[in-house]
Amino acid sequence: MGFKVVVDFDLCESNAICMQIAPEVFEVRDDDFLYILNETPDEGMREKVEESAQRCPKQAIKLEDLPAAE
Amino acid sequence: MNSIAVIGASLAGLRAAEALRREGFEGTIHLVGDEPHEPYDRPPLSKQILAGTWEIEKAWLAKPEKYEELALETHYGVAATGLDVAGLNVALDTGATLDIDGVVIATGARCRTIGEPLAGVFTLRTLDDAQGIRAAFDKGPGRVVVVGAGFIGAEVAATARELGLDVTMVEMATAPFERSMGAEMGAVLADIHRDQGVDLRLGVGVSGFTGDDAVTGVDLTDGTHIEADVVVVGVGVIPNTEWLADSSLDITNGVLCDETTLAAPGVVAAGDVARWPNPHFGETMRVEHWDNAITMGTHAAKRLLHGESAGPYAPTPWFWSDQYDRKIQLAGRTTDFDRFELVNGDTESRTFAGIYGRGGRIVAVLGFNRPRHVMRYRALIDEGVSFDDALAADI
């Protein structure tokens with residue numbers, strides 16, 4: 001079962017802490033906006049993305065479980 | 001280990017409880033907090049809650065489903081009154097005793113106050129404090145005086161200005177945030193507040209308040225008097241350690257822990273209340289930041305369950321503060337810094353990043369609306385690179 005990274009961009013204020021924890025998934029660019037580089041990262045990234053969600057000052061990151069691939 | 005008490009239903013306490021479960025602990029977890037509320041997030045108190053743009057529920061730290069999953073024994077509105085370190089018992093003010101195998105101390109801190117309680121004079125730490133100030137703001141006060149230009153003072157001043165209130169901010173140091181960012185960068189922040197219409201009085205203290213039934217003004221140490229209908233005092237905090245007075249723990253300016261967050265066998269501490277030697281900076285510190293409450297609460301839980309294999313707790317502390325349209329972030333420690341260089345932007349536009357050095361090493365980075373740079377340089381601080389290498393880095 002994989003997971004999808006969902007960011008509430010109304011809440012996100014580009015604190016960029018997620019970018020430091022999981023640079024493979026999150027990037028804040030020069031325009032100060034957050035970009036999701038990979039919406040469905042490998043299962044191995046789950047722990048880092050969960051830590052990003054927990055340490056996001058705006059609690060703007062969620063993980064949604066994806067149904068198992070057929 | 002069958003049962004663990006987390007004392008402090010706070011950010012650090014809740015994250016510790018979550019980490020205990022995540023690390024596989026299946027025993028009883030008591031979560032004890034002296035406030036009547038479930039754990040909530042404090043940063044919005046001086047911003048969205050004070051501005052009235054958020055309902056309280058939005059500040060709760062976890063949803064009901066999360067509490068079901070964690071299966072905690074919650075004790076809200078209950079204070080711990082003593083800890084027997086040798087026997088691992090926690091006494092509660094209800095008269096009950098928790099007989100446990102491990103304790104996470106996360107009792108946080110409370111606000112310093114000035115003088116005797118007086119109507120109209122507030123501190124801001126709790127949800128109830130924020131609602132009290134909000135109610136006072138709603139009455140349309142003629143003038144708000146903010147005492148102290150640290151996190152609480154500067155953010156309350158910004159929120160009050162955005163609500164259209166007249167604000168005077170009084171600070172003993174020569175600049176806002178002087179202790180964390182230095183006088184030179186603090187001066188940039190001072191100008192931002194002045195441009196927003198704050199009457200900023202620097203280098204002067206408060207000698208007392210006037211008013212019999214309610215505050216009518218503030219007396220300053222230079223003999224000036226300022227009229228005030230509402231006063232918010234933000235002059236720092238005191239760690240909540242009185243309940244540990246007979247515990248044999250060292251509670252001088254917080255609960256002293258070792259490098260791993262252990263204060264005594266079976267006893268760990270985390271968050272604002274904890275002081276520990278951070279090996280990465282060679283400094284014994286007590287950090288009052290939001291992010292530290294999370295990472296230290298998590299680390300302390302692992303230390304309790306896994307012993308020394310949890311390793312030292314060696315973070316690069318980080319904070320942010322939102323004031324007007326500026327996002328101020330600082331990572332690292334500026335204590336005794338001997339170099340500072342701007343690495344991006346300029347202070348005129350108030351959009352910049354700068355780095356601090358000590359003994360040839362980069363020790364901190366400051367950003368005004370430069371989150372990406374702060375995080376990139378924070379990684380260099382984590383790596384322990386030299387100041388010159390940090391200056392030369394392609395960020």
# chains A, B, ... in the order shown; residues from 1 in each chain; ligands from 1

$ interface_residues --of "chain A" --to "chain B" --cutoff "12 Å" --atoms "only C-alpha atoms" --output "ChimeraX atom specification"
/A:11,13-23,26-35,47,50-59

$ write_last_selection --atoms "N, CA and C atoms" --output "mmCIF file, in the first residue's frame"
data_model
loop_
_atom_site.group_PDB
_atom_site.id
_atom_site.type_symbol
_atom_site.label_atom_id
_atom_site.label_comp_id
_atom_site.auth_asym_id
_atom_site.auth_seq_id
_atom_site.Cartn_x
_atom_site.Cartn_y
_atom_site.Cartn_z
ATOM 1 N N LEU A 11 -3.046 26.700 3.872
ATOM 2 C CA LEU A 11 -2.379 26.762 5.173
ATOM 3 C C LEU A 11 -0.877 26.983 5.036
ATOM 4 N N GLU A 13 2.726 28.094 4.594
ATOM 5 C CA GLU A 13 3.379 29.411 4.555
ATOM 6 C C GLU A 13 4.851 29.277 4.206
ATOM 7 N N SER A 14 5.204 28.187 3.576
ATOM 8 C CA SER A 14 6.572 27.985 3.078
ATOM 9 C C SER A 14 7.630 28.144 4.167
ATOM 10 N N ASN A 15 7.391 27.522 5.317
ATOM 11 C CA ASN A 15 8.426 27.539 6.350
ATOM 12 C C ASN A 15 9.633 26.700 5.942
ATOM 13 N N ALA A 16 9.406 25.776 5.029
ATOM 14 C CA ALA A 16 10.472 24.987 4.391
ATOM 15 C C ALA A 16 11.112 23.945 5.298
ATOM 16 N N ILE A 17 10.498 23.690 6.444
ATOM 17 C CA ILE A 17 11.093 22.672 7.311
ATOM 18 C C ILE A 17 10.949 21.295 6.661
ATOM 19 N N CYS A 18 9.865 21.094 5.907
ATOM 20 C CA CYS A 18 9.663 19.829 5.188
ATOM 21 C C CYS A 18 10.784 19.599 4.176
ATOM 22 N N MET A 19 11.250 20.704 3.596
ATOM 23 C CA MET A 19 12.304 20.599 2.581
ATOM 24 C C MET A 19 13.599 20.098 3.200
ATOM 25 N N GLN A 20 13.809 20.471 4.478
ATOM 26 C CA GLN A 20 15.036 19.985 5.097
ATOM 27 C C GLN A 20 14.925 18.516 5.487
ATOM 28 N N ILE A 21 13.740 18.095 5.878
ATOM 29 C CA ILE A 21 13.563 16.707 6.319
ATOM 30 C C ILE A 21 13.492 15.759 5.113
ATOM 31 N N ALA A 22 12.748 16.158 4.096
ATOM 32 C CA ALA A 22 12.531 15.283 2.943
ATOM 33 C C ALA A 22 12.711 16.055 1.632
ATOM 34 N N PRO A 23 13.963 16.423 1.306
ATOM 35 C CA PRO A 23 14.204 17.209 0.081
ATOM 36 C C PRO A 23 13.834 16.457 -1.192
ATOM 37 N N PHE A 26 9.880 17.578 -1.074
ATOM 38 C CA PHE A 26 9.447 18.970 -0.943
ATOM 39 C C PHE A 26 10.553 19.925 -1.368
ATOM 40 N N GLU A 27 10.165 20.990 -2.072
ATOM 41 C CA GLU A 27 11.140 22.019 -2.421
ATOM 42 C C GLU A 27 10.474 23.396 -2.368
ATOM 43 N N VAL A 28 11.079 24.298 -1.598
ATOM 44 C CA VAL A 28 10.644 25.692 -1.623
ATOM 45 C C VAL A 28 11.603 26.420 -2.558
ATOM 46 N N ARG A 29 11.051 27.032 -3.588
ATOM 47 C CA ARG A 29 11.902 27.667 -4.608
ATOM 48 C C ARG A 29 12.049 29.160 -4.352
ATOM 49 N N ASP A 30 12.796 29.812 -5.242
ATOM 50 C CA ASP A 30 13.088 31.236 -5.082
ATOM 51 C C ASP A 30 11.827 32.100 -5.021
ATOM 52 N N ASP A 31 10.737 31.607 -5.588
ATOM 53 C CA ASP A 31 9.488 32.377 -5.544
ATOM 54 C C ASP A 31 8.790 32.224 -4.186
ATOM 55 N N ASP A 32 9.449 31.469 -3.259
ATOM 56 C CA ASP A 32 8.915 31.250 -1.906
ATOM 57 C C ASP A 32 7.678 30.358 -1.867
ATOM 58 N N PHE A 33 7.411 29.657 -2.937
ATOM 59 C CA PHE A 33 6.313 28.697 -2.907
ATOM 60 C C PHE A 33 6.857 27.284 -2.757
ATOM 61 N N LEU A 34 6.033 26.458 -2.118
ATOM 62 C CA LEU A 34 6.406 25.055 -1.949
ATOM 63 C C LEU A 34 5.945 24.248 -3.163
ATOM 64 N N TYR A 35 6.844 23.410 -3.661
ATOM 65 C CA TYR A 35 6.513 22.502 -4.751
ATOM 66 C C TYR A 35 6.666 21.064 -4.259
ATOM 67 N N GLU A 47 8.426 7.492 6.600
ATOM 68 C CA GLU A 47 8.814 8.022 7.906
ATOM 69 C C GLU A 47 9.203 9.507 7.812
ATOM 70 N N GLU A 50 6.134 11.606 7.185
ATOM 71 C CA GLU A 50 5.361 11.726 8.430
ATOM 72 C C GLU A 50 6.008 12.727 9.382
ATOM 73 N N GLU A 51 7.342 12.696 9.448
ATOM 74 C CA GLU A 51 8.031 13.667 10.307
ATOM 75 C C GLU A 51 7.805 15.090 9.779
ATOM 76 N N SER A 52 7.817 15.237 8.464
ATOM 77 C CA SER A 52 7.562 16.555 7.870
ATOM 78 C C SER A 52 6.172 17.054 8.252
ATOM 79 N N ALA A 53 5.196 16.146 8.204
ATOM 80 C CA ALA A 53 3.819 16.524 8.547
ATOM 81 C C ALA A 53 3.741 16.959 10.005
ATOM 82 N N GLN A 54 4.439 16.207 10.873
ATOM 83 C CA GLN A 54 4.374 16.504 12.300
ATOM 84 C C GLN A 54 5.060 17.831 12.633
ATOM 85 N N ARG A 55 6.161 18.117 11.930
ATOM 86 C CA ARG A 55 6.941 19.308 12.269
ATOM 87 C C ARG A 55 6.582 20.517 11.418
ATOM 88 N N CYS A 56 5.552 20.381 10.575
ATOM 89 C CA CYS A 56 5.104 21.542 9.799
ATOM 90 C C CYS A 56 4.411 22.528 10.744
ATOM 91 N N PRO A 57 4.933 23.755 10.855
ATOM 92 C CA PRO A 57 4.337 24.718 11.795
ATOM 93 C C PRO A 57 2.877 25.029 11.488
ATOM 94 N N LYS A 58 2.457 24.833 10.272
ATOM 95 C CA LYS A 58 1.079 25.137 9.889
ATOM 96 C C LYS A 58 0.227 23.878 9.775
ATOM 97 N N GLN A 59 0.825 22.713 10.067
ATOM 98 C CA GLN A 59 0.112 21.429 9.978
ATOM 99 C C GLN A 59 -0.606 21.321 8.630
#

$ atom_distance --atom1 "atom CA of B:Ser248" --atom2 "atom CA of B:Ala86"
9.5 Å

$ select_by_dssp --residues "chain A" --states "alpha helix (DSSP H)" --output "PyMOL selection string"
chain A and resi 17-21+46-55

$ residues_around --residues "B:Leu124" --least-positions-apart "3" --cutoff "8 Å" --atoms "only C-alpha atoms" --output "compact mmCIF listing (two decimals) with N, CA and C atoms, in the first residue's frame"
# COMPACT_ATOMS: atom_id res chain seq x y z
N LEU B 45 -1.84 31.50 19.29
CA LEU B 45 -2.44 32.31 20.36
C LEU B 45 -2.15 33.80 20.17
N SER B 46 -0.92 34.12 19.75
CA SER B 46 -0.55 35.54 19.60
C SER B 46 -0.89 36.06 18.21
N CYS B 111 4.68 32.41 32.42
CA CYS B 111 5.17 33.77 32.17
C CYS B 111 5.69 34.44 33.43
N ASP B 129 -5.51 32.90 28.47
CA ASP B 129 -4.86 34.21 28.37
C ASP B 129 -5.25 34.89 27.06
N ALA B 130 -5.14 34.14 25.96
CA ALA B 130 -5.41 34.71 24.63
C ALA B 130 -6.85 35.20 24.53
N ILE B 152 6.56 37.11 22.17
CA ILE B 152 5.19 37.43 22.56
C ILE B 152 4.90 38.91 22.30
N VAL B 232 0.08 44.19 27.82
CA VAL B 232 0.47 42.79 27.66
C VAL B 232 1.95 42.68 27.99
N VAL B 233 2.26 41.87 28.99
CA VAL B 233 3.63 41.73 29.46
C VAL B 233 4.23 40.46 28.86
N GLY B 234 5.32 40.63 28.11
CA GLY B 234 6.02 39.48 27.52
C GLY B 234 7.49 39.57 27.85

$ decode --residues "stretch 349-364 of chain B" --atoms "C-alpha atoms" --output "short mmCIF file (atom, residue, chain, number, x, y, z; two decimals), in the first residue's frame"
data_model
loop_
_atom_site.label_atom_id
_atom_site.label_comp_id
_atom_site.auth_asym_id
_atom_site.auth_seq_id
_atom_site.Cartn_x
_atom_site.Cartn_y
_atom_site.Cartn_z
CA SER B 349 14.04 45.52 1.35
CA ARG B 350 13.70 43.53 4.61
CA THR B 351 14.06 40.39 2.57
CA PHE B 352 17.39 38.78 3.32
CA ALA B 353 19.35 35.93 4.83
CA GLY B 354 22.48 36.26 6.94
CA ILE B 355 24.79 33.85 8.69
CA TYR B 356 26.50 34.01 12.08
CA GLY B 357 29.91 32.54 12.88
CA ARG B 358 31.80 31.71 16.03
CA GLY B 359 35.36 30.41 16.20
CA GLY B 360 35.49 29.95 12.43
CA ARG B 361 32.32 27.82 12.26
CA ILE B 362 28.83 28.72 11.04
CA VAL B 363 26.58 28.62 14.12
CA ALA B 364 23.34 30.29 13.00
#
